[in-house]
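Novice: Just dropping this structure here.
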Amino acid sequence: MAIDKGTVEQVAHLARIELGPGELEKLSRQLHDILGFIDKLSVLNIAMVEPASHILPISNVLREDEVRTCLTVDQALENAPSKNGNFFSVPKVIE
Amino acid sequence: MRYQTVIGLEVHLQLKTKTKAFCGCAIDFGKTPNSGVCPVCLGFPGTLPVYNKEALNSAIKVALAFSCQIQEHTKFDRKNYFYPDLPKNYQISQFDLPLSRHGYLDIFSDNKTKRIGITRVHLEEDAGKLIHESNASMVDFNRAGVPLLEIVSEPDLNSPQEAFDYLTSLKNIIEYLDVSDCDMEKGSLRCDANISLRPEGSKELGVKAELKNMNSFKGVKDALVFEVDRQAALLEAGQAMVQETRLWDAENGETVSMRNKEGAKDYRYFPDPDLTVFIIEQTMVSRIKSQLPELPHDKMRRFMRDYGLSEYDAKILVSSKKNAQFAEECIRKYPGKDKKNMANWLIGPMLSEANSRKVELHELNVNMEDLISLIGFVENQSISHLSAKLVLTQMIDSQKPAELIIRENNMLQISDTAELEQVISGVIRENEKSVTSFRAGKTNALMFLVGQVMKKSAGKANPKIVGELIKRRLTDA
Amino acid sequence: MELNQLTAHELLDKLRSKQVASGQILDSLYARIEAVEPKVKAYARFKPGNTQANGLAGLLPVTVKDNICTEGLNTECCSKILCGFRPPYDATVISKLKKSGNAIFPLKANMDEFAFGSSTENSSFGPTHNPWNLECVPGGSSGGSAAAVASDEAIWALGSDTGGSIRQPASFCGVVGLKPTYGRVSRFGLIAFASSLDQIGPITKDVEDAAILARIISGYDPNDSTSVNQDLPDYTDSLGKDIKGVKIGIPKEYFIEGLDPEVKLVIEEAIKKLESLGAVSKQVSLPHTQYAVPVYYIVATAEASSNLARFDGVQYGYRAKSDSLIQMYKKTRAEGFGEEAKRRIILGTFALSHGYYDAYYLRALKVRTLIKNDFDAVFKDFDCIITPTSPTPAFKIGEKTADPLQMYLSDIYTISVNLAGIPAISIPCGFSKSGLPIGLQIMAKPFNEGMLFRLAHAFEQSTQWHKVKPRL
């Protein structure tokens with residue numbers, strides 16, 4: 001399956017990555033090659049095969065509803081690039 | 001043209017487990033921002049989720065209460081989108097293998113019972129909260145990771161009132177299960193509505209609008225009422241509808257289009273590799289089913305059967321879990337043969353006292369024994385029904401026992417015929433006209449004479465006995 | 001020999017018999033680092049003269065890859081986007097090491113950014129050099145850990161392996177590297193690349209050290225839903241056992257065009273050696289081998305695209321300045337991620353996106369099942385499978401950076417193991433004519449690490465390859 005620049009641009013937007021014009025060009029070419037290679041999977045007949053989203057046969061892993069200590073507010077905010085009082089701060093969200 | 005309204009509701013319910021869905025942070029609201037968080041619910045790099053057993057139990061209870069089929073295989077998926085209140089920029093949710101499907105909820109609307117389909121009940125996690133300032137937005141992650149249930153209805157609701165009744169009914173059931181606070185104003189229950197109109201008789205669905213930002217059941221109804229009118233007007237005018245999300249503006253009473261966010265949504269759902277699949281064994285489902293409390297509908301049927309209540313009365317009593325509990329206890333303790341006597345008191349005077357005070361029955365703090373004794377006074381005709389209601393009001397206000405209030409106010413009825421005969425003699429003497437009318441066959445005159453006796457006895461005469469006595473006197477003579 | 005040149009088990013013996021104190025070991029390590037680190041660049045954030053021994057708690061220091069969280073110690077995945085990030089928690093493996101009396105070495109090992117790479121050239125701190133030939137790559141993504149162990153700048157180390165990131169650098173650097181069974185070692189605190197493939201494992205100077213370190217870090221962790229609650233044997237019990245009658249499968253699909261003839265020869269010699277020790281080998285088939293790389297680059301990038309979404313400049317790490325939220329996101333991620341990271345995130349996003357999910361992601365998961373079935377079939381009749389770890393010895397720095405696909409193909413022999421979730425080890429088994437190490441890969445059934453150690457130790461004890469040191 002071919003991948004064109006428009007698709008790469010759209011996908012980069014979904015992934016929230018800004019691409020410069022040169023970067024977009026190069027990446028489109030590279031992804032085209034990589035997907036060309038990946039397309040060899042399409043020769044296999046997989047109609048009856050179960051997908052392996054988990055490789056382990058384990059299931060039903062749960063934890064008891066028991067309280068553990070939280071971080072302090074300072075610890076939570078320690079790494080924040082921008083904060084305001086006890087909040088993380090981001091550029092204004094416009095809805 | 002006449003249109004049919006088609007509504008489907010998506011309800012998000014916060015489960016009131018002790019801890020969050022995927023970490024051990026205590027769920028405790030109203031705290032300092034970002035104080036109820038840990039590396040897991042903050043989505044810090046390297047951290048991993050482990051699902052809360054109690055949340056799964058609660059979810060299965062809810063699904064069973066809506067008669068859903070619990071799916072044997074269920075799993076978590078990631079719903080990917082960027083938003084600052086979403087710590088990992090994906091929400092752990094369920095996509096193609098939800099916990100349960102194909103349930104229903106019976107609602108009582110317009111005096112008819114209607115069955116509303118439940119498409120699915122699935123598990124997910126809540127996001128944090130954003131507070132918008134003039135030039136920045138601030139993020140509090142305390143709510144992030146609280147276990148949520150999403151309950152999706154079929155588009156079976158055909159009026160804003162039905163939507164309101166659906167929510168009321170849903171909340172009622174959840175209340176019985178005791179798994180969520182269901183408080184829309186506090187956000188523990190949230191509701192989005194999909195609404196479209198179609199020409200009466202048409203099978204095809206119209207173009208829908210998704211309504212958000214309603215924060216009360218009434219808000220949901222109001223938003224839907226507005227939307228029905230708006231869409232009908234557009235359709236009448238022959239304008240094309242656009243599928244869109246609209247926000248309810250409660251202040252101005254209107255829905256407002258959200259400017260179409262750039263690009264179509266593509267959530268890129270895929271199975272969350274950090275979590276395992278869940279195989280819900282039938283034995284587990286049976287065990288949880290056996291632990292379910294009696295639900296409103298069953299309780300209503302039982303009240304009708306055991307206590308001879310009408311459907312209407314029983315429905316009123318079970319529409320609040322706490323009222324139902326209090327009522328049932330009262331009815332059980334009531335020694336009289338006809339349980340309906342007690343039920344009438346609860347549905348009548350008690351409930352109107354509670355409603356006027358905006359509290360639940362048990363919050364009136366009426367001692368059950370005392371209530372039974374009050375009813376006893378009426379039954380043995382020591383006081384009239386009317387005075388008994390006054391006594392009840394005083395009992396609630398003063399927290400004094402019924403008997404004391406009756407004695408203090410000298411309210412016992414006069415049933416002593418000798419005493420009554422004296423008063424009656426006086427009344428007959430003073431009202432010859434009425435006596436003549438009665439004898440001439442006008443029964444109204446009797447009522448008047450009884451009234452006069454009541455007046456003279458300051459209301460304490462037993463009206464039934466008085467009537468008998470007068471009748472006897474006037475016909476014998 | 002200097003203390004830093006010894007294996008961990010040798011040093012443990014000396015510590016127990018009080019022949020040396022832990023401070024002396026640290027001193028010798030720091031001296032070595034000051035001397036050779038400017039050439040090797042095995043560590044992230046290393047500054048010359050900044051390596052005074054500052055009284056580490058615990059006995060033997062363990063060098064840790066920069067994607068494993070260490071409380072209060074920078075953990076940046078060698079990415080600008082995580083610059084300055086100090087986790088307020090330890091990874092489970094780190095807690096286990098501390099509990100067992102080991103020290104966490106304060107310098108973290110260099111790596112390909114977010115483990116995206118096979119050469120440790122994709123680090124925001126620049127490439128690590130192969131101690132055997134400074135013009136060559138050390139392999140990747142755990143190239144820093146492998147080079148540090150090979151150059152005696154570390155006693156032992158932890159790496160992570162998603163598609164060969166422990167085994168391939170171990171092979172390129174002439175050291176031992178183990179990828180445990182998926183679920184054997186907790187992933188809590190390992191900054192995820194691909195959650196269904198990632199495992200932490202040891203990189204060591206010999207097999208005994210690998211057995212000791214693997215045992216310490218393994219075991220059930222209630223904080224990781226994918227951790228398996230299964231008996232954990234003492235792997236050192238597998239050491240020194242004979243390998244008579246052990247059945248080895250040699251998959252024909254691994255000995256085809258693209259395999260360097262020198263490597264082929266060395267591996268064949270190694271198999272003969274094992275046979276001389278009593279093992280029996282037979283050719284087997286893993287028919288879906290050729291599909292492993294494409295499956296991997298869909299599954300791993302899809303998971304990565306979602307795992308790395310959290311790096312957005314809101315809670316930690318790098319943030320680009322912008323007044324608009326969407327621009328802040330886009331610029332932060334454009335400036336914070338390196339080229340390979342962006343390539344993989346975009347590829348993975350594409351594979352999951354509407355209209356392509358079935359053709360790419362779902363198809364890949366199905367072929368993953370076929371690959372796992374191949375192994376299940378062989379392991380019905382064989383105890384282990386032996387292959388080269390890599391089709392070539394270490395390549396030159398810069399040789400494959402222009403062609404991502406060529407770089408991806410250098411993991412062709414290691415990737416299937418991660419897709420199938422099975423354990424595998426790489427051990428030194430010889431050298432190329434130019435003096436570069438060559439690694440032998442042994443694979444076993446899930447949770448059968450003991451078999452790997454038994455075979456690897458028998459081979460190692462009958463050869464001298466692990467004792468050869470690079471000249472620096």
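Each chain in the structure tokens gets a letter, A, B and so on, in the order shown; residues start at 1 in every chain, and ligands are counted from 1 in the order they appear.
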Would you kindly return, as a list in words, each protein, DNA or RNA residue with an atom no farther than 9 Å from any atom of Leu107 (chain C), considering only C-alpha atoms and excluding same-chain residues fewer than 6 positions away?

Specialist: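 After dropping sequence-adjacent residues, the list is Tyr43, Ala44, Arg45, Phe46, Thr51, Thr63, Val64, Asp66, Leu73 and Asn74 of chain C.
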
Novice: Restrict the distance test to only C-alpha atoms, flag each residue of chain B within 9 Å of chain A, and return the flagged residues as a PyMOL selection string.

Specialist: chain B and resi 17-27+32-39+42+50-56+81-84+130+132-141+258-259+261+263+265-266+270-273+275-280

Novice: Please identify the strand (DSSP E or B) residues within region 257-423 of chain B (assignment by DSSP from backbone atoms) and present them as an MDAnalysis selection string.

Specialist: chainID B and resid 257 270:271 277:279 414

Novice: What does the file look like for those residues with N, CA, C and O atoms, as a compact mmCIF listing (two decimals), in the first residue's frame?

Specialist:
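Everything below was put into out_31.txt:
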```txt
# COMPACT_ATOMS: atom_id res chain seq x y z
N SER B 257 -23.46 25.26 19.07
CA SER B 257 -22.57 24.37 18.31
C SER B 257 -21.13 24.56 18.78
O SER B 257 -20.66 25.68 18.97
N PHE B 270 -6.86 0.28 20.22
CA PHE B 270 -6.21 -1.03 20.10
C PHE B 270 -6.10 -1.63 21.49
O PHE B 270 -6.17 -0.91 22.48
N PRO B 271 -5.97 -2.96 21.57
CA PRO B 271 -5.97 -3.62 22.89
C PRO B 271 -4.82 -3.10 23.75
O PRO B 271 -3.69 -3.02 23.27
N VAL B 277 -6.40 -9.92 29.37
CA VAL B 277 -7.81 -10.11 29.07
C VAL B 277 -8.51 -10.57 30.35
O VAL B 277 -7.86 -11.02 31.30
N PHE B 278 -9.82 -10.46 30.34
CA PHE B 278 -10.61 -10.95 31.47
C PHE B 278 -11.55 -12.02 30.96
O PHE B 278 -12.24 -11.83 29.96
N ILE B 279 -11.54 -13.15 31.64
CA ILE B 279 -12.47 -14.21 31.30
C ILE B 279 -13.45 -14.28 32.46
O ILE B 279 -13.08 -14.62 33.59
N ILE B 414 -64.61 12.73 71.80
CA ILE B 414 -65.65 12.33 72.75
C ILE B 414 -66.49 11.25 72.09
O ILE B 414 -67.14 11.48 71.06
```

Novice: Taking only C-alpha atoms into account, find every residue of chain C that has an atom no more than 8 Å from chain A, and write it out as a VMD selection string.

Specialist: chain C and resid 84 to 86 88 182 to 183 196 222 225 to 226 228 291 294 to 295 297 305 309 313 to 319 322 to 326 328 to 331 333 to 334 342 to 343 345 to 347 349 to 350 353 362 to 370 404 to 405 419 to 421

Novice: Given the selection you just returned, output its residues as a file containing C-alpha atoms, formatted as an mmCIF file, in the first residue's frame.

Specialist:
```cif
data_model
loop_
_atom_site.group_PDB
_atom_site.id
_atom_site.type_symbol
_atom_site.label_atom_id
_atom_site.label_comp_id
_atom_site.auth_asym_id
_atom_site.auth_seq_id
_atom_site.Cartn_x
_atom_site.Cartn_y
_atom_site.Cartn_z
ATOM 1 C CA GLY C 84 15.839 16.615 33.526
ATOM 2 C CA PHE C 85 13.258 13.975 34.399
ATOM 3 C CA ARG C 86 13.833 12.538 37.868
ATOM 4 C CA PRO C 88 9.827 9.917 42.193
ATOM 5 C CA TYR C 182 7.966 -12.100 28.648
ATOM 6 C CA GLY C 183 6.359 -11.708 32.074
ATOM 7 C CA SER C 196 3.895 -6.500 24.659
ATOM 8 C CA PRO C 222 1.687 -7.208 41.577
ATOM 9 C CA SER C 225 -0.467 -6.951 35.204
ATOM 10 C CA THR C 226 1.667 -8.830 32.676
ATOM 11 C CA VAL C 228 3.645 -13.942 35.719
ATOM 12 C CA TYR C 291 7.707 -12.150 8.380
ATOM 13 C CA PRO C 294 7.545 -6.595 9.191
ATOM 14 C CA VAL C 295 5.287 -7.838 12.001
ATOM 15 C CA TYR C 297 7.740 -2.904 12.882
ATOM 16 C CA SER C 305 3.008 5.587 19.169
ATOM 17 C CA ALA C 309 1.872 10.074 23.498
ATOM 18 C CA GLY C 313 5.360 18.888 27.689
ATOM 19 C CA VAL C 314 2.569 19.018 30.273
ATOM 20 C CA GLN C 315 3.809 17.140 33.335
ATOM 21 C CA TYR C 316 7.525 16.632 32.885
ATOM 22 C CA GLY C 317 10.433 16.967 30.518
ATOM 23 C CA TYR C 318 10.885 19.365 27.639
ATOM 24 C CA ARG C 319 8.290 21.933 26.610
ATOM 25 C CA SER C 322 3.907 28.456 22.438
ATOM 26 C CA ASP C 323 0.707 30.311 23.275
ATOM 27 C CA SER C 324 -1.468 27.745 21.592
ATOM 28 C CA LEU C 325 -1.964 24.309 23.059
ATOM 29 C CA ILE C 326 -1.848 22.440 19.771
ATOM 30 C CA MET C 328 2.870 23.592 22.110
ATOM 31 C CA TYR C 329 2.195 19.878 21.605
ATOM 32 C CA LYS C 330 3.465 19.817 18.044
ATOM 33 C CA LYS C 331 6.595 21.851 18.644
ATOM 34 C CA ARG C 333 7.278 16.725 20.140
ATOM 35 C CA ALA C 334 8.988 17.970 16.968
ATOM 36 C CA LYS C 342 9.387 10.572 15.019
ATOM 37 C CA ARG C 343 9.618 8.025 12.211
ATOM 38 C CA ILE C 345 5.651 7.236 16.113
ATOM 39 C CA ILE C 346 4.287 8.255 12.739
ATOM 40 C CA LEU C 347 4.545 4.716 11.345
ATOM 41 C CA THR C 349 0.093 6.006 14.328
ATOM 42 C CA PHE C 350 -0.507 5.164 10.689
ATOM 43 C CA SER C 353 -5.384 4.777 12.099
ATOM 44 C CA LEU C 362 -4.624 -6.608 12.943
ATOM 45 C CA ARG C 363 -2.822 -8.494 10.185
ATOM 46 C CA ALA C 364 0.454 -8.159 12.082
ATOM 47 C CA LEU C 365 -1.125 -9.563 15.264
ATOM 48 C CA LYS C 366 -2.356 -12.552 13.319
ATOM 49 C CA VAL C 367 1.022 -13.253 11.759
ATOM 50 C CA ARG C 368 2.463 -12.893 15.246
ATOM 51 C CA THR C 369 0.323 -15.900 16.185
ATOM 52 C CA LEU C 370 1.815 -17.863 13.275
ATOM 53 C CA PRO C 404 16.231 2.827 8.183
ATOM 54 C CA LEU C 405 15.131 -0.390 6.508
ATOM 55 C CA LEU C 419 7.182 -11.706 19.220
ATOM 56 C CA ALA C 420 6.898 -15.224 20.656
ATOM 57 C CA GLY C 421 7.620 -14.088 24.216
#
```

Novice: Mind checking DSSP for region 134-265 of chain C and telling me the alpha helix (DSSP H) residues as JSON, numbers by chain?

Specialist: {"C": [143, 144, 145, 146, 147, 148, 149, 150, 167, 168, 169, 170, 171, 172, 173, 207, 208, 209, 210, 211, 212, 213, 214, 215, 216, 217, 261, 262, 263, 264, 265]}

Novice: Kindly save the residues from that selection, with N, CA, C and O atoms included, as a tab-separated table (two decimals), in the first residue's frame.

Specialist:
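Listing of result-v3.tsv after writing:
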```tsv
chain	number	residue	atom	x	y	z
C	143	GLY	N	23.31	-0.35	23.80
C	143	GLY	CA	24.73	-0.29	23.45
C	143	GLY	C	25.59	0.26	24.57
C	143	GLY	O	26.74	-0.16	24.76
C	144	GLY	N	25.06	1.20	25.34
C	144	GLY	CA	25.82	1.77	26.46
C	144	GLY	C	26.10	0.71	27.51
C	144	GLY	O	27.24	0.58	28.00
C	145	SER	N	25.08	-0.07	27.85
C	145	SER	CA	25.24	-1.11	28.87
C	145	SER	C	26.27	-2.15	28.41
C	145	SER	O	27.15	-2.55	29.17
C	146	ALA	N	26.14	-2.58	27.14
C	146	ALA	CA	27.04	-3.62	26.62
C	146	ALA	C	28.48	-3.10	26.52
C	146	ALA	O	29.43	-3.80	26.90
C	147	ALA	N	28.63	-1.87	26.02
C	147	ALA	CA	29.98	-1.31	25.87
C	147	ALA	C	30.62	-1.09	27.24
C	147	ALA	O	31.83	-1.31	27.42
C	148	ALA	N	29.83	-0.66	28.23
C	148	ALA	CA	30.37	-0.42	29.57
C	148	ALA	C	30.87	-1.73	30.17
C	148	ALA	O	31.96	-1.77	30.78
C	149	VAL	N	30.12	-2.81	29.98
C	149	VAL	CA	30.55	-4.11	30.53
C	149	VAL	C	31.78	-4.60	29.77
C	149	VAL	O	32.77	-5.04	30.37
C	150	ALA	N	31.77	-4.48	28.44
C	150	ALA	CA	32.90	-4.97	27.63
C	150	ALA	C	34.18	-4.21	27.92
C	150	ALA	O	35.27	-4.78	27.89
C	167	ARG	N	20.47	-8.59	23.30
C	167	ARG	CA	21.28	-9.65	22.69
C	167	ARG	C	22.19	-9.15	21.59
C	167	ARG	O	23.36	-9.55	21.51
C	168	GLN	N	21.67	-8.25	20.73
C	168	GLN	CA	22.50	-7.80	19.62
C	168	GLN	C	23.70	-6.98	20.10
C	168	GLN	O	24.82	-7.26	19.68
C	169	PRO	N	23.54	-6.01	21.00
C	169	PRO	CA	24.74	-5.32	21.51
C	169	PRO	C	25.66	-6.25	22.31
C	169	PRO	O	26.89	-6.08	22.27
C	170	ALA	N	25.09	-7.22	23.03
C	170	ALA	CA	25.94	-8.18	23.75
C	170	ALA	C	26.80	-8.91	22.73
C	170	ALA	O	28.01	-9.10	22.93
C	171	SER	N	26.18	-9.30	21.64
C	171	SER	CA	26.91	-10.00	20.58
C	171	SER	C	27.98	-9.10	19.96
C	171	SER	O	29.13	-9.51	19.79
C	172	PHE	N	27.65	-7.86	19.66
C	172	PHE	CA	28.60	-6.92	19.05
C	172	PHE	C	29.76	-6.59	19.99
C	172	PHE	O	30.85	-6.24	19.55
C	173	CYS	N	29.52	-6.64	21.30
C	173	CYS	CA	30.53	-6.23	22.27
C	173	CYS	C	31.21	-7.43	22.95
C	173	CYS	O	32.03	-7.25	23.85
C	207	VAL	N	28.42	-16.08	31.97
C	207	VAL	CA	27.09	-16.69	32.13
C	207	VAL	C	26.68	-16.74	33.60
C	207	VAL	O	25.52	-16.50	33.94
C	208	GLU	N	27.65	-17.02	34.47
C	208	GLU	CA	27.31	-17.11	35.89
C	208	GLU	C	26.74	-15.78	36.39
C	208	GLU	O	25.75	-15.75	37.13
C	209	ASP	N	27.39	-14.68	36.00
C	209	ASP	CA	26.88	-13.35	36.40
C	209	ASP	C	25.47	-13.14	35.88
C	209	ASP	O	24.60	-12.59	36.59
C	210	ALA	N	25.23	-13.57	34.64
C	210	ALA	CA	23.90	-13.39	34.06
C	210	ALA	C	22.86	-14.16	34.87
C	210	ALA	O	21.75	-13.67	35.13
C	211	ALA	N	23.24	-15.38	35.29
C	211	ALA	CA	22.32	-16.21	36.08
C	211	ALA	C	22.02	-15.55	37.42
C	211	ALA	O	20.87	-15.54	37.88
C	212	ILE	N	23.05	-14.99	38.04
C	212	ILE	CA	22.86	-14.34	39.35
C	212	ILE	C	21.97	-13.10	39.21
C	212	ILE	O	20.99	-12.92	39.94
C	213	LEU	N	22.31	-12.25	38.24
C	213	LEU	CA	21.57	-10.99	38.08
C	213	LEU	C	20.13	-11.25	37.62
C	213	LEU	O	19.19	-10.60	38.10
C	214	ALA	N	19.97	-12.22	36.73
C	214	ALA	CA	18.62	-12.54	36.24
C	214	ALA	C	17.75	-12.99	37.41
C	214	ALA	O	16.59	-12.60	37.53
C	215	ARG	N	18.32	-13.80	38.27
C	215	ARG	CA	17.56	-14.30	39.41
C	215	ARG	C	17.12	-13.15	40.34
C	215	ARG	O	16.00	-13.12	40.85
C	216	ILE	N	18.02	-12.20	40.54
C	216	ILE	CA	17.69	-11.07	41.44
C	216	ILE	C	16.53	-10.24	40.89
C	216	ILE	O	15.63	-9.85	41.62
C	217	ILE	N	16.55	-9.97	39.60
C	217	ILE	CA	15.54	-9.03	39.06
C	217	ILE	C	14.23	-9.71	38.67
C	217	ILE	O	13.24	-9.03	38.41
C	261	PRO	N	29.38	-14.90	5.89
C	261	PRO	CA	30.02	-16.24	5.90
C	261	PRO	C	30.93	-16.46	7.11
C	261	PRO	O	30.99	-17.58	7.63
C	262	GLU	N	31.59	-15.41	7.55
C	262	GLU	CA	32.45	-15.54	8.74
C	262	GLU	C	31.63	-15.91	9.97
C	262	GLU	O	32.00	-16.75	10.76
C	263	VAL	N	30.49	-15.23	10.09
C	263	VAL	CA	29.60	-15.49	11.23
C	263	VAL	C	29.10	-16.93	11.13
C	263	VAL	O	29.09	-17.68	12.11
C	264	LYS	N	28.71	-17.31	9.91
C	264	LYS	CA	28.18	-18.66	9.68
C	264	LYS	C	29.18	-19.71	10.15
C	264	LYS	O	28.84	-20.65	10.89
C	265	LEU	N	30.40	-19.52	9.77
C	265	LEU	CA	31.47	-20.46	10.11
C	265	LEU	C	31.63	-20.58	11.62
C	265	LEU	O	31.71	-21.67	12.18
```

Novice: Can you pull out the residues contacting Thr392 (chain C)? Cut-off 8 Å, using only C-alpha atoms, and skip same-chain residues under 4 positions away; I want them as a list in words.

Specialist: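 Returned residues: Leu259, Asp260, Val263, Ser410 and Ile438 of chain C.
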
Novice: Using only C-alpha atoms, select each residue of chain B with any atom at most 6 Å away from an atom of chain C, and give the selection as a list in words.

Specialist: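 So the residues of chain B near chain C are Pro45, Gly46, Thr47, Leu48, Val50, Lys88, Asn89, Arg268, Pro273 and Leu275 of chain B.
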
Novice: Would you mind listing what lies within 8 Å of region 450-467 of chain C as a PyMOL selection string, with only C-alpha atoms counted and same-chain residues fewer than 4 positions away left out?

Specialist: chain C and resi 174-175+205-208+211+233+235+238-243+273-274+277+383-384+424-425+427-430+442-444

Novice: Just N, CA and C atoms for this one: save the residues we selected as a compact mmCIF listing (two decimals), in the first residue's frame.

Specialist:
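Just written: result-v1.txt:
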```
# COMPACT_ATOMS: atom_id res chain seq x y z
N GLY C 174 30.84 -8.65 22.58
CA GLY C 174 31.50 -9.82 23.13
C GLY C 174 31.18 -10.09 24.60
N VAL C 175 29.93 -9.81 25.00
CA VAL C 175 29.53 -10.09 26.38
C VAL C 175 28.26 -10.94 26.36
N LYS C 205 29.60 -10.15 32.11
CA LYS C 205 30.87 -10.62 31.54
C LYS C 205 30.88 -12.13 31.34
N ASP C 206 30.09 -12.84 32.11
CA ASP C 206 29.99 -14.27 31.86
C ASP C 206 28.61 -14.80 32.22
N VAL C 207 28.42 -16.08 31.97
CA VAL C 207 27.09 -16.69 32.13
C VAL C 207 26.68 -16.74 33.60
N GLU C 208 27.65 -17.02 34.47
CA GLU C 208 27.31 -17.11 35.89
C GLU C 208 26.74 -15.78 36.39
N ALA C 211 23.24 -15.38 35.29
CA ALA C 211 22.32 -16.21 36.08
C ALA C 211 22.02 -15.55 37.42
N PRO C 233 13.17 -20.50 39.76
CA PRO C 233 14.26 -21.37 40.22
C PRO C 233 15.54 -20.56 40.44
N TYR C 235 18.82 -19.91 39.25
CA TYR C 235 19.43 -20.23 37.96
C TYR C 235 20.85 -20.77 38.11
N SER C 238 21.56 -24.35 37.46
CA SER C 238 21.71 -24.87 36.10
C SER C 238 23.17 -24.84 35.64
N LEU C 239 24.01 -24.18 36.40
CA LEU C 239 25.42 -24.03 35.98
C LEU C 239 26.19 -25.29 36.31
N GLY C 240 27.16 -25.61 35.44
CA GLY C 240 28.03 -26.75 35.71
C GLY C 240 27.39 -28.09 35.44
N LYS C 241 26.20 -28.08 34.85
CA LYS C 241 25.55 -29.36 34.53
C LYS C 241 25.96 -29.80 33.13
N ASP C 242 26.01 -31.10 32.93
CA ASP C 242 26.37 -31.55 31.58
C ASP C 242 25.18 -31.35 30.64
N ILE C 243 25.48 -31.40 29.35
CA ILE C 243 24.41 -31.15 28.37
C ILE C 243 24.18 -32.38 27.49
N LYS C 273 30.98 -27.70 18.75
CA LYS C 273 31.49 -27.72 20.12
C LYS C 273 30.42 -28.28 21.07
N LEU C 274 29.21 -27.78 20.91
CA LEU C 274 28.11 -28.24 21.78
C LEU C 274 27.85 -29.73 21.56
N LEU C 277 30.10 -31.82 23.32
CA LEU C 277 29.81 -31.89 24.77
C LEU C 277 28.60 -32.79 25.04
N ASP C 383 14.79 -29.01 22.93
CA ASP C 383 14.96 -28.28 24.18
C ASP C 383 15.31 -26.82 23.93
N CYS C 384 16.04 -26.60 22.84
CA CYS C 384 16.41 -25.22 22.53
C CYS C 384 16.67 -25.07 21.05
N ALA C 424 15.80 -15.88 25.49
CA ALA C 424 16.97 -16.16 24.64
C ALA C 424 18.19 -15.48 25.23
N ILE C 425 19.34 -16.09 24.97
CA ILE C 425 20.59 -15.54 25.50
C ILE C 425 21.58 -15.41 24.35
N ILE C 427 25.71 -15.31 23.76
CA ILE C 427 27.03 -15.47 24.43
C ILE C 427 28.13 -15.36 23.40
N PRO C 428 29.32 -14.92 23.80
CA PRO C 428 30.43 -14.80 22.85
C PRO C 428 30.83 -16.19 22.35
N CYS C 429 31.07 -16.31 21.04
CA CYS C 429 31.45 -17.62 20.51
C CYS C 429 32.56 -17.52 19.49
N GLY C 430 33.21 -16.38 19.41
CA GLY C 430 34.32 -16.28 18.47
C GLY C 430 34.46 -14.86 17.95
N ILE C 442 20.90 -18.58 21.90
CA ILE C 442 20.18 -19.79 22.29
C ILE C 442 18.79 -19.37 22.74
N MET C 443 17.78 -20.07 22.22
CA MET C 443 16.40 -19.78 22.61
C MET C 443 15.82 -21.00 23.32
N ALA C 444 14.89 -20.76 24.21
CA ALA C 444 14.26 -21.90 24.90
C ALA C 444 12.76 -21.65 25.07
```

Novice: For Cys182 (chain B), which residue out of B:Gln14, B:Ser425, B:Asn111, B:Thr443 is the nearest one, using only C-alpha atoms?

Specialist: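 So, comparing all the options, the nearest one is B:Gln14.
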
Novice: Write out as an NGL selection string each polymer residue whose atoms come within 12 Å of region 229-231 of chain B, counting only C-alpha atoms; drop sequence neighbours fewer than 4 positions from it.

Specialist: :B and (3-6 or 159-160 or 195-199 or 206-209 or 222-225 or 235-243 or 246 or 254-257)

Novice: Go ahead and compute the interatomic distance for CA of Leu346 (chain B) and CA of Asn323 (chain B), in Å to one decimal.

Specialist: 9.3 Å

Novice: Do you have the CA of Gly8 (chain B)-CA of Leu157 (chain B) distance handy?

Specialist: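 Computing the Euclidean distance for CA of Gly8 (chain B) and CA of Leu157 (chain B) yields 6.3 Å.
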